[in-house]
$ cat model-v3.cif   # mmCIF, C-alpha atoms
data_my_file
#
loop_
_atom_site.label_atom_id
_atom_site.label_comp_id
_atom_site.auth_asym_id
_atom_site.auth_seq_id
_atom_site.Cartn_x
_atom_site.Cartn_y
_atom_site.Cartn_z
CA MET A 11 31.22 3.98 -3.30
CA GLU A 12 34.79 5.12 -3.86
CA ASN A 13 36.76 6.46 -6.81
CA VAL A 14 40.21 4.92 -7.22
CA ALA A 15 43.34 5.44 -9.30
CA CYS A 16 44.99 2.73 -11.38
CA ASP A 17 46.52 0.07 -9.10
CA LEU A 18 49.24 -0.76 -11.64
CA CYS A 19 50.76 2.66 -12.34
CA GLY A 20 49.02 5.03 -9.92
CA THR A 21 47.67 7.28 -12.68
CA ASN A 22 44.26 8.79 -12.04
CA GLU A 23 43.24 9.49 -15.62
CA PRO A 24 40.60 6.85 -16.38
CA VAL A 25 39.05 6.51 -19.84
CA PRO A 26 35.50 5.09 -19.73
CA PHE A 27 35.57 1.55 -21.17
CA PHE A 28 32.00 0.29 -20.77
CA LYS A 29 29.22 -0.11 -18.23
CA ARG A 30 28.07 -3.43 -16.82
CA VAL A 31 24.88 -4.25 -14.90
CA ASP A 32 25.27 -6.34 -11.75
CA ARG A 33 23.48 -9.64 -12.41
CA PHE A 34 22.25 -9.80 -8.79
CA THR A 35 21.16 -6.24 -7.99
CA GLY A 36 20.57 -4.69 -11.41
CA LYS A 37 22.80 -1.72 -10.52
CA MET A 38 25.09 -0.22 -13.16
CA PHE A 39 28.88 -0.06 -12.76
CA GLN A 40 31.61 1.60 -14.83
CA PHE A 41 34.74 -0.13 -16.11
CA ASN A 42 37.58 2.18 -17.10
CA ARG A 43 40.87 1.77 -18.93
CA CYS A 44 43.92 3.55 -17.55
CA SER A 45 45.08 6.18 -20.06
CA HIS A 46 48.70 5.51 -19.11
CA CYS A 47 49.18 1.73 -18.83
CA GLY A 48 45.93 0.24 -20.15
CA MET A 49 44.80 -1.52 -16.97
CA ILE A 50 41.03 -2.18 -16.95
CA TYR A 51 39.46 -1.47 -13.57
CA LEU A 52 36.18 -0.60 -11.87
CA SER A 53 35.69 2.96 -10.61
CA PRO A 54 33.71 4.11 -8.78
CA ARG A 55 33.42 0.83 -6.92
CA PRO A 56 31.89 -0.39 -3.63
CA THR A 57 33.92 0.18 -0.50
CA GLN A 58 34.95 -2.91 1.46
CA ALA A 59 32.06 -2.26 3.87
CA GLU A 60 29.58 -2.04 0.99
CA LEU A 61 30.97 -5.02 -0.91
CA VAL A 62 29.42 -7.63 1.39
CA ALA A 63 26.00 -6.86 -0.07
CA HIS A 64 27.27 -7.77 -3.54
CA TYR A 65 28.25 -11.32 -2.52
CA PRO A 66 24.85 -12.94 -1.88
CA HIS A 67 24.36 -16.55 -0.80
CA ALA A 68 23.55 -17.37 -4.44
CA TYR A 69 27.08 -16.38 -5.51
CA GLU A 70 28.74 -19.49 -6.94
CA SER A 71 31.93 -19.51 -4.86
CA TYR A 72 30.01 -19.36 -1.57
CA ARG A 73 27.58 -22.19 -2.21
CA MET A 74 28.10 -24.84 0.40
CA PRO A 75 28.90 -28.40 -0.70
CA ASP A 76 25.84 -30.53 -1.42
CA LYS A 77 25.75 -33.42 1.03
CA ASP A 78 23.61 -35.39 -1.42
CA VAL A 79 25.93 -34.89 -4.41
CA ASP A 80 26.06 -38.03 -6.54
CA SER A 81 29.24 -40.05 -7.01
CA ILE A 82 29.76 -38.89 -10.61
CA GLU A 83 29.66 -35.20 -9.70
CA ALA A 84 31.92 -35.83 -6.70
CA TRP A 85 34.40 -37.62 -8.96
CA HIS A 86 34.42 -34.70 -11.42
CA ARG A 87 34.99 -32.24 -8.60
CA MET A 88 37.91 -34.23 -7.24
CA ARG A 89 39.32 -34.74 -10.73
CA ALA A 90 39.30 -30.97 -11.24
CA MET A 91 41.37 -30.53 -8.08
CA GLN A 92 43.81 -33.21 -9.26
CA ILE A 93 44.26 -31.44 -12.61
CA HIS A 94 45.25 -28.25 -10.80
CA ILE A 95 47.71 -30.08 -8.58
CA ASP A 96 49.21 -31.95 -11.54
CA PHE A 97 49.85 -28.59 -13.24
CA ILE A 98 51.49 -27.14 -10.13
CA GLU A 99 53.74 -30.18 -9.74
CA GLU A 100 55.08 -29.72 -13.27
CA PHE A 101 56.82 -26.63 -11.90
CA ALA A 102 57.14 -27.47 -8.20
CA PRO A 103 57.82 -31.20 -7.92
CA ARG A 104 58.95 -30.96 -4.28
CA ARG A 105 55.86 -31.26 -2.11
CA GLY A 106 56.46 -28.62 0.51
CA GLN A 107 54.34 -25.98 2.22
CA LEU A 108 51.33 -24.63 0.29
CA LEU A 109 49.06 -21.66 1.07
CA ASP A 110 45.69 -21.28 -0.67
CA ILE A 111 44.31 -17.73 -0.47
CA GLY A 112 40.52 -17.68 -0.74
CA CYS A 113 40.30 -21.41 -0.11
CA ALA A 114 36.47 -21.45 0.19
CA THR A 115 35.30 -24.81 1.58
CA GLY A 116 38.73 -26.41 1.23
CA ASP A 117 38.27 -28.87 -1.65
CA PHE A 118 41.59 -27.94 -3.28
CA LEU A 119 43.51 -27.93 -0.01
CA HIS A 120 42.12 -31.34 0.88
CA ALA A 121 43.20 -32.75 -2.49
CA ALA A 122 46.68 -31.21 -2.09
CA GLN A 123 46.97 -32.65 1.41
CA GLU A 124 46.09 -36.08 0.03
CA ARG A 125 49.07 -35.64 -2.31
CA LYS A 126 51.34 -35.06 0.73
CA TRP A 127 51.53 -31.25 0.55
CA ARG A 128 51.55 -29.45 3.91
CA VAL A 129 48.64 -27.05 3.51
CA VAL A 130 47.25 -23.87 5.06
CA GLY A 131 44.28 -21.79 3.90
CA ILE A 132 42.86 -18.29 4.26
CA GLU A 133 39.17 -17.59 3.69
CA ILE A 134 37.29 -14.37 4.37
CA ASN A 135 33.86 -16.07 4.41
CA LYS A 136 33.31 -17.42 7.93
CA GLU A 137 30.88 -20.16 6.95
CA ALA A 138 33.08 -21.47 4.12
CA ALA A 139 36.11 -21.48 6.44
CA ARG A 140 34.12 -23.38 9.07
CA VAL A 141 33.16 -26.05 6.53
CA ALA A 142 36.81 -26.43 5.47
CA ARG A 143 37.88 -26.95 9.06
CA GLU A 144 35.07 -29.28 10.08
CA GLN A 145 34.74 -31.31 6.89
CA TYR A 146 38.44 -31.87 6.20
CA GLY A 147 40.20 -30.91 9.44
CA LEU A 148 42.20 -28.24 7.62
CA GLU A 149 44.16 -25.36 9.11
CA VAL A 150 42.18 -22.41 7.75
CA THR A 151 42.39 -18.83 9.02
CA THR A 152 39.26 -16.69 8.73
CA GLY A 153 40.11 -13.21 7.49
CA SER A 154 42.16 -11.41 4.88
CA LEU A 155 45.73 -11.92 3.76
CA GLU A 156 46.66 -8.62 5.40
CA SER A 157 45.57 -9.96 8.81
CA PHE A 158 47.41 -13.26 8.32
CA ILE A 159 50.37 -13.35 10.73
CA ILE A 160 53.09 -15.78 9.65
CA PRO A 161 56.88 -15.50 9.13
CA SER A 162 58.34 -14.48 5.77
CA HIS A 163 59.69 -17.11 3.36
CA THR A 164 57.35 -19.79 4.74
CA PHE A 165 55.71 -21.22 1.62
CA ASP A 166 56.95 -23.10 -1.42
CA VAL A 167 53.69 -22.51 -3.31
CA ILE A 168 50.87 -19.96 -2.96
CA THR A 169 47.64 -20.34 -4.94
CA LEU A 170 44.86 -17.86 -5.72
CA TRP A 171 42.03 -19.57 -7.59
CA ASP A 172 39.72 -16.93 -9.11
CA VAL A 173 40.83 -14.35 -6.54
CA LEU A 174 43.16 -11.77 -8.15
CA GLU A 175 40.40 -9.99 -10.11
CA HIS A 176 38.40 -9.46 -6.88
CA LEU A 177 41.14 -7.69 -4.95
CA PRO A 178 41.15 -3.95 -4.16
CA SER A 179 44.90 -3.88 -4.83
CA PRO A 180 46.46 -6.82 -6.72
CA SER A 181 49.82 -5.06 -6.31
CA VAL A 182 49.61 -5.15 -2.52
CA THR A 183 48.55 -8.80 -2.47
CA LEU A 184 51.30 -9.88 -4.88
CA SER A 185 53.84 -8.01 -2.77
CA ARG A 186 52.64 -9.78 0.38
CA CYS A 187 52.78 -13.15 -1.42
CA TYR A 188 56.34 -12.37 -2.52
CA ASP A 189 57.30 -11.88 1.11
CA LEU A 190 55.63 -15.14 2.20
CA LEU A 191 57.20 -17.24 -0.56
CA ASP A 192 60.50 -18.98 0.01
CA GLU A 193 63.39 -18.39 -2.39
CA ASP A 194 62.33 -19.41 -5.93
CA GLY A 195 58.80 -19.93 -4.58
CA ILE A 196 55.90 -20.49 -6.97
CA LEU A 197 52.76 -18.36 -7.24
CA VAL A 198 49.84 -19.92 -9.15
CA PHE A 199 46.60 -18.10 -9.98
CA THR A 200 43.59 -18.16 -12.28
CA ILE A 201 41.97 -15.08 -13.81
CA PRO A 202 39.26 -14.35 -16.39
CA ASN A 203 40.81 -14.58 -19.85
CA LEU A 204 40.24 -11.38 -21.84
CA ASP A 205 41.42 -13.23 -24.97
CA SER A 206 38.83 -15.97 -24.58
CA PHE A 207 36.39 -16.99 -27.29
CA ASP A 208 33.57 -16.56 -24.75
CA ARG A 209 34.39 -12.88 -24.24
CA TYR A 210 33.77 -12.15 -27.91
CA LEU A 211 30.81 -14.52 -28.15
CA PHE A 212 28.89 -13.05 -25.20
CA GLY A 213 30.15 -9.44 -25.25
CA ARG A 214 28.94 -7.50 -22.24
CA ALA A 215 27.14 -10.59 -20.90
CA TRP A 216 30.46 -12.45 -20.50
CA ILE A 217 30.76 -13.62 -16.89
CA GLY A 218 34.41 -12.51 -16.75
CA TRP A 219 33.30 -8.90 -16.31
CA ASP A 220 30.97 -9.65 -13.35
CA ALA A 221 30.90 -6.14 -11.86
CA PRO A 222 31.09 -5.12 -9.08
CA ARG A 223 32.80 -8.27 -7.74
CA HIS A 224 35.57 -8.07 -10.33
CA PHE A 225 37.62 -4.95 -9.67
CA HIS A 226 40.37 -5.60 -12.25
CA LEU A 227 40.72 -7.34 -15.61
CA PHE A 228 44.15 -8.07 -17.08
CA THR A 229 45.48 -8.00 -20.62
CA ASP A 230 48.70 -9.87 -21.41
CA ASP A 231 50.62 -6.60 -21.25
CA THR A 232 49.18 -5.28 -17.99
CA LEU A 233 49.55 -8.66 -16.29
CA ALA A 234 53.16 -9.02 -17.40
CA LEU A 235 53.97 -5.51 -16.13
CA LEU A 236 52.19 -6.09 -12.83
CA LEU A 237 54.08 -9.33 -12.22
CA PHE A 238 57.44 -7.86 -13.21
CA LYS A 239 57.00 -4.86 -10.90
CA GLN A 240 56.28 -7.21 -7.99
CA GLY A 241 59.25 -9.47 -8.71
CA TYR A 242 57.78 -12.43 -10.62
CA ARG A 243 58.41 -14.11 -13.95
CA ILE A 244 55.87 -16.21 -15.83
CA LEU A 245 56.85 -19.88 -16.09
CA GLY A 246 53.77 -21.08 -17.92
CA LYS A 247 50.07 -20.61 -18.59
CA ARG A 248 47.29 -22.97 -19.52
CA CYS A 249 43.51 -23.15 -19.79
CA LEU A 250 42.85 -26.13 -17.55
CA LEU A 251 39.15 -26.06 -16.68
CA GLY A 252 36.19 -23.75 -16.14
CA GLY A 253 34.89 -23.58 -19.70
CA LYS A 254 31.58 -25.31 -19.04
CA GLY A 255 30.62 -23.40 -15.89
CA ALA A 256 31.72 -20.03 -17.25
CA PHE A 257 29.88 -20.57 -20.54
CA PHE A 258 26.56 -21.26 -18.82
CA LEU A 259 26.97 -18.40 -16.35
CA SER A 260 27.48 -16.10 -19.33
CA LEU A 261 24.48 -17.64 -21.08
CA ASP A 262 22.37 -17.18 -17.94
CA THR A 263 23.35 -13.50 -17.89
CA LEU A 264 22.50 -13.14 -21.57
CA LEU A 265 19.12 -14.87 -21.22
CA GLY A 266 18.06 -13.04 -18.07
CA GLU A 267 14.33 -13.41 -17.55
CA SER A 268 13.39 -13.66 -21.21
CA ARG A 269 10.38 -15.73 -22.23
CA THR A 270 12.53 -18.46 -23.73
CA ALA A 271 15.06 -18.57 -20.87
CA ASP A 272 13.54 -21.50 -18.95
CA ALA A 273 13.11 -23.59 -22.08
CA ILE A 274 16.74 -23.00 -23.12
CA ARG A 275 18.03 -23.75 -19.61
CA ARG A 276 16.34 -27.14 -19.69
CA LEU A 277 18.53 -27.91 -22.71
CA TYR A 278 21.80 -27.11 -20.90
CA PRO A 279 22.94 -30.77 -20.57
CA PHE A 280 22.41 -31.30 -24.31
CA ILE A 281 24.09 -27.99 -25.17
CA SER A 282 27.06 -28.90 -22.95
CA LEU A 283 27.56 -32.16 -24.84
CA ILE A 284 27.48 -30.38 -28.20
CA LEU A 285 29.96 -27.75 -26.99
CA TRP A 286 32.58 -30.23 -25.77
CA PRO A 287 34.76 -29.78 -28.92
CA TYR A 288 34.46 -25.98 -28.60
CA ARG A 289 35.77 -26.14 -25.03
CA GLN A 290 38.67 -28.42 -25.91
CA VAL A 291 39.79 -26.25 -28.82
CA SER A 292 39.57 -23.12 -26.66
CA TYR A 293 41.77 -24.78 -24.03
CA LEU A 294 44.38 -25.85 -26.58
CA LEU A 295 44.60 -22.33 -28.02
CA HIS A 296 44.71 -20.61 -24.60
CA ARG A 297 41.32 -19.08 -25.41
CA GLY A 298 39.22 -20.60 -22.64
CA PRO A 299 37.28 -18.21 -20.34
CA VAL A 300 39.57 -18.93 -17.38
CA ILE A 301 43.35 -19.11 -17.63
CA THR A 302 45.91 -20.34 -15.10
CA TYR A 303 49.37 -18.81 -14.67
CA VAL A 304 52.40 -20.24 -12.90
CA THR A 305 54.94 -17.60 -11.83
CA GLN A 306 58.14 -17.56 -9.79
CA LYS A 307 60.07 -15.07 -7.68
CA ILE A 308 63.00 -13.70 -9.67
CA TYR A 309 64.86 -11.49 -7.17
#
$ encode --input "model-v3.cif" --output "structure tokens"
Amino acid sequence: MENVACDLCGTNEPVPFFKRVDRFTGKMFQFNRCSHCGMIYLSPRPTQAELVAHYPHAYESYRMPDKDVDSIEAWHRMRAMQIHIDFIEEFAPRRGQLLDIGCATGDFLHAAQERKWRVVGIEINKEAARVAREQYGLEVTTGSLESFIIPSHTFDVITLWDVLEHLPSPSVTLSRCYDLLDEDGILVFTIPNLDSFDRYLFGRAWIGWDAPRHFHLFTDDTLALLLFKQGYRILGKRCLLGGKGAFFLSLDTLLGESRTADAIRRLYPFISLILWPYRQVSYLLHRGPVITYVTQKIY
């Protein structure tokens, strides 16, 4: 474990915010709020060597694609990728070079390639990267962004889907992305939405906290300051997707191993249908559990 200062302002005067139990290991972790800038961050936190143990095979992002997935689920998965690309193309209509950081098994990159983007991916999980290469024939580098060797000003668009909150130093990653982006390049990312309805509904069980995998959580103010310091301006934000999955992950955390948990989980399809209006309203009001930002280099 390591103690860290605030990544946004460098101040090392944390104010305890609250403690969160890891849903996989049962260990307790401490979220703090920076006394200077308000950034919410985990400290002490696992070192990079220790962190591997906190990403088990059951972790959602590392589940391999189901070869027996039915056509309806496959259609929904592809439609989700198309929604993300549609949003990007509102701000970057020229289909140039795109880098996806943390590309997992390559579903998004494949969809972007089908739309005539020239795509490259980075994925730290070796098995996920292998699937992306073998299943779709994608150019995917196994490793971290820091080990990625490529000339500056190469990409028109860089995407980080559900990645920024996991990073040891968002500032360092955003700086590296700035260098890799071409002039007026676009950076697109999703993060847990601290203003979401789900956060207030589930409290400490909200999946957006997810310690110790989530190192940082961003308010509007801390995100705006972080982006400005690294040379970006916000072009737009929208809650596109993720409400259903995030809601049930939060509900799973809340239920735990209670006596009624299994009975309630069997009702998830019915509950999902009932909650469709709730999800749509939360998206319209920018109060969904996951929010997507489009930003651009400004200098």
$ closest_residue --input "model-v3.cif" --among "A:Asn42, A:Asn22, A:Ser282, A:Ser157" --to "Leu227 (chain A)" --atoms "all atoms listed in the file"
A:Asn42
$ atom_distance --input "model-v3.cif" --atom1 "CA of Thr229 (chain A)" --atom2 "CA of Leu250 (chain A)"
18.6 Å
$ resolve_selection --input "model-v3.cif" --expression "the PyMOL selection byres ((chain A and resi 217) around 10)" --output "list in words"
Arg33, Pro202, Asp208, Arg209, Phe212, Gly213, Arg214, Ala215, Trp216, Gly218, Trp219, Asp220, Ala221, His224, Gly255, Ala256, Phe257, Phe258, Leu259, Ser260, Leu261, Asp262, Thr263, Leu264 and Pro299 of chain A
$ residues_around --input "model-v3.cif" --residues "Asp17 (chain A)" --least-positions-apart "3" --cutoff "9 Å" --atoms "only C-alpha atoms" --output "VMD selection string"
chain A and resid 14 20 to 21 49 51 178 to 182 226
$ residues_around --input "model-v3.cif" --residues "Leu237 (chain A)" --least-positions-apart "6" --cutoff "12 Å" --atoms "only C-alpha atoms" --output "list in words"
Leu18, Leu174, Pro180, Ser181, Val182, Thr183, Leu184, Ser185, Cys187, Tyr188, Leu197, Val198, Phe199, Phe228, Asp230, Asp231, Arg243, Ile244, Leu245, Tyr303, Val304, Thr305, Gln306, Lys307 and Ile308 of chain A
$ residues_around --input "model-v3.cif" --residues "Glu23 (chain A)" --least-positions-apart "6" --cutoff "9 Å" --atoms "only C-alpha atoms" --output "MDAnalysis selection string"
chainID A and resid 15:16 43:46
$ closest_residue --input "model-v3.cif" --among "A:Met11, A:Leu277, A:Ile134, A:Leu294" --to "Thr151 (chain A)" --atoms "only C-alpha atoms"
A:Ile134
$ residues_around --input "model-v3.cif" --residues "region 141-150 of chain A" --least-positions-apart "3" --cutoff "6 Å" --atoms "all atoms listed in the file" --output "VMD selection string"
chain A and resid 115 to 116 130 to 132 138
$ residues_around --input "model-v3.cif" --residues "Ala63 (chain A)" --least-positions-apart "4" --cutoff "10 Å" --atoms "all atoms listed in the file" --output "MDAnalysis selection string"
chainID A and resid 34:35 56 58:59 67
$ write_last_selection --input "model-v3.cif" --atoms "C-alpha atoms" --output "short mmCIF file (atom, residue, chain, number, x, y, z; two decimals), in the frame of the given file"
data_model
loop_
_atom_site.label_atom_id
_atom_site.label_comp_id
_atom_site.auth_asym_id
_atom_site.auth_seq_id
_atom_site.Cartn_x
_atom_site.Cartn_y
_atom_site.Cartn_z
CA PHE A 34 22.25 -9.80 -8.79
CA THR A 35 21.16 -6.24 -7.99
CA PRO A 56 31.89 -0.39 -3.63
CA GLN A 58 34.95 -2.91 1.46
CA ALA A 59 32.06 -2.26 3.87
CA HIS A 67 24.36 -16.55 -0.80
#
$ atom_distance --input "model-v3.cif" --atom1 "CA of Tyr293 (chain A)" --atom2 "CA of Cys249 (chain A)"
4.9 Å
$ atom_distance --input "model-v3.cif" --atom1 "CA of Phe118 (chain A)" --atom2 "CA of Val167 (chain A)"
13.3 Å
$ axis_aligned_box --input "model-v3.cif" --around "region 239-255 of chain A" --padding-each-side "5 Å" --output "JSON"
{"center_x": 44.9, "center_y": -15.5, "center_z": -13.9, "size_x": 38.6, "size_y": 31.3, "size_z": 21.8}
$ resolve_selection --input "model-v3.cif" --expression "the PyMOL selection byres ((chain A and resi 298) around 7)" --output "VMD selection string"
chain A and resid 203 206 to 207 249 253 289 292 to 293 296 to 297 299 to 301
$ closest_residue --input "model-v3.cif" --among "A:Lys37, A:Arg269, A:Lys254, A:Lys126" --to "Trp286 (chain A)" --atoms "all atoms listed in the file"
A:Lys254
$ resolve_selection --input "model-v3.cif" --expression "the PyMOL selection byres ((chain A and resi 165) around 7)" --output "PyMOL selection string"
chain A and resi 107-109+163-164+166-168+190-192
$ write_last_selection --input "model-v3.cif" --atoms "C-alpha atoms" --output "mmCIF file, in the frame of the given file"
data_model
loop_
_atom_site.group_PDB
_atom_site.id
_atom_site.type_symbol
_atom_site.label_atom_id
_atom_site.label_comp_id
_atom_site.auth_asym_id
_atom_site.auth_seq_id
_atom_site.Cartn_x
_atom_site.Cartn_y
_atom_site.Cartn_z
ATOM 1 C CA GLN A 107 54.340 -25.980 2.220
ATOM 2 C CA LEU A 108 51.330 -24.630 0.290
ATOM 3 C CA LEU A 109 49.060 -21.660 1.070
ATOM 4 C CA HIS A 163 59.690 -17.110 3.360
ATOM 5 C CA THR A 164 57.350 -19.790 4.740
ATOM 6 C CA ASP A 166 56.950 -23.100 -1.420
ATOM 7 C CA VAL A 167 53.690 -22.510 -3.310
ATOM 8 C CA ILE A 168 50.870 -19.960 -2.960
ATOM 9 C CA LEU A 190 55.630 -15.140 2.200
ATOM 10 C CA LEU A 191 57.200 -17.240 -0.560
ATOM 11 C CA ASP A 192 60.500 -18.980 0.010
#
$ decode --input "model-v3.cif" --residues "region 118-184 of chain A" --atoms "C-alpha atoms" --output "short mmCIF file (atom, residue, chain, number, x, y, z; two decimals), in the first residue's frame"
data_model
loop_
_atom_site.label_atom_id
_atom_site.label_comp_id
_atom_site.auth_asym_id
_atom_site.auth_seq_id
_atom_site.Cartn_x
_atom_site.Cartn_y
_atom_site.Cartn_z
CA PHE A 118 -15.38 -0.39 -29.83
CA LEU A 119 -12.32 -0.35 -32.06
CA HIS A 120 -13.91 -2.89 -34.38
CA ALA A 121 -17.07 -0.78 -34.66
CA ALA A 122 -15.00 2.36 -35.33
CA GLN A 123 -12.99 0.52 -37.98
CA GLU A 124 -16.24 -0.52 -39.66
CA ARG A 125 -17.05 3.20 -39.85
CA LYS A 126 -13.77 3.81 -41.72
CA TRP A 127 -11.70 5.12 -38.80
CA ARG A 128 -8.04 4.05 -38.75
CA VAL A 129 -7.74 2.49 -35.31
CA VAL A 130 -5.09 1.50 -32.78
CA GLY A 131 -5.58 0.16 -29.24
CA ILE A 132 -3.68 -0.20 -25.98
CA GLU A 133 -4.69 -2.81 -23.40
CA ILE A 134 -2.82 -3.79 -20.25
CA ASN A 135 -4.63 -7.14 -19.90
CA LYS A 136 -2.78 -9.66 -22.08
CA GLU A 137 -5.72 -11.99 -22.62
CA ALA A 138 -8.11 -9.18 -23.59
CA ALA A 139 -5.52 -7.76 -26.00
CA ARG A 140 -5.04 -11.21 -27.54
CA VAL A 141 -8.80 -11.55 -28.13
CA ALA A 142 -8.90 -8.11 -29.79
CA ARG A 143 -6.10 -9.08 -32.16
CA GLU A 144 -7.35 -12.56 -32.98
CA GLN A 145 -11.08 -11.89 -33.13
CA TYR A 146 -10.99 -8.64 -35.10
CA GLY A 147 -7.45 -8.45 -36.52
CA LEU A 148 -6.85 -5.16 -34.71
CA GLU A 149 -3.55 -3.43 -34.03
CA VAL A 150 -3.46 -3.60 -30.23
CA THR A 151 -0.39 -3.02 -28.06
CA THR A 152 -0.20 -4.89 -24.76
CA GLY A 153 1.01 -2.60 -21.98
CA SER A 154 0.51 0.85 -20.55
CA LEU A 155 0.26 4.22 -22.26
CA GLU A 156 3.65 5.15 -20.81
CA SER A 157 5.29 2.23 -22.67
CA PHE A 158 3.51 3.07 -25.94
CA ILE A 159 6.11 4.36 -28.42
CA ILE A 160 4.59 6.45 -31.20
CA PRO A 161 5.31 9.94 -32.64
CA SER A 162 3.63 13.04 -31.23
CA HIS A 163 0.60 14.57 -32.97
CA THR A 164 -0.43 11.21 -34.45
CA PHE A 165 -4.11 10.92 -33.50
CA ASP A 166 -7.24 12.88 -34.36
CA VAL A 167 -9.22 11.23 -31.55
CA ILE A 168 -8.23 9.44 -28.33
CA THR A 169 -10.82 7.59 -26.25
CA LEU A 170 -10.75 6.34 -22.65
CA TRP A 171 -13.91 4.40 -21.84
CA ASP A 172 -14.20 3.95 -18.06
CA VAL A 173 -10.44 4.37 -17.62
CA LEU A 174 -9.65 7.80 -16.13
CA GLU A 175 -10.88 6.95 -12.62
CA HIS A 176 -8.57 3.89 -12.51
CA LEU A 177 -5.35 5.75 -13.25
CA PRO A 178 -2.61 6.43 -10.67
CA SER A 179 -2.13 9.89 -12.19
CA PRO A 180 -4.88 11.27 -14.49
CA SER A 181 -2.69 14.37 -14.94
CA VAL A 182 0.17 12.36 -16.41
CA THR A 183 -2.13 10.43 -18.74
CA LEU A 184 -3.92 13.56 -19.97
#
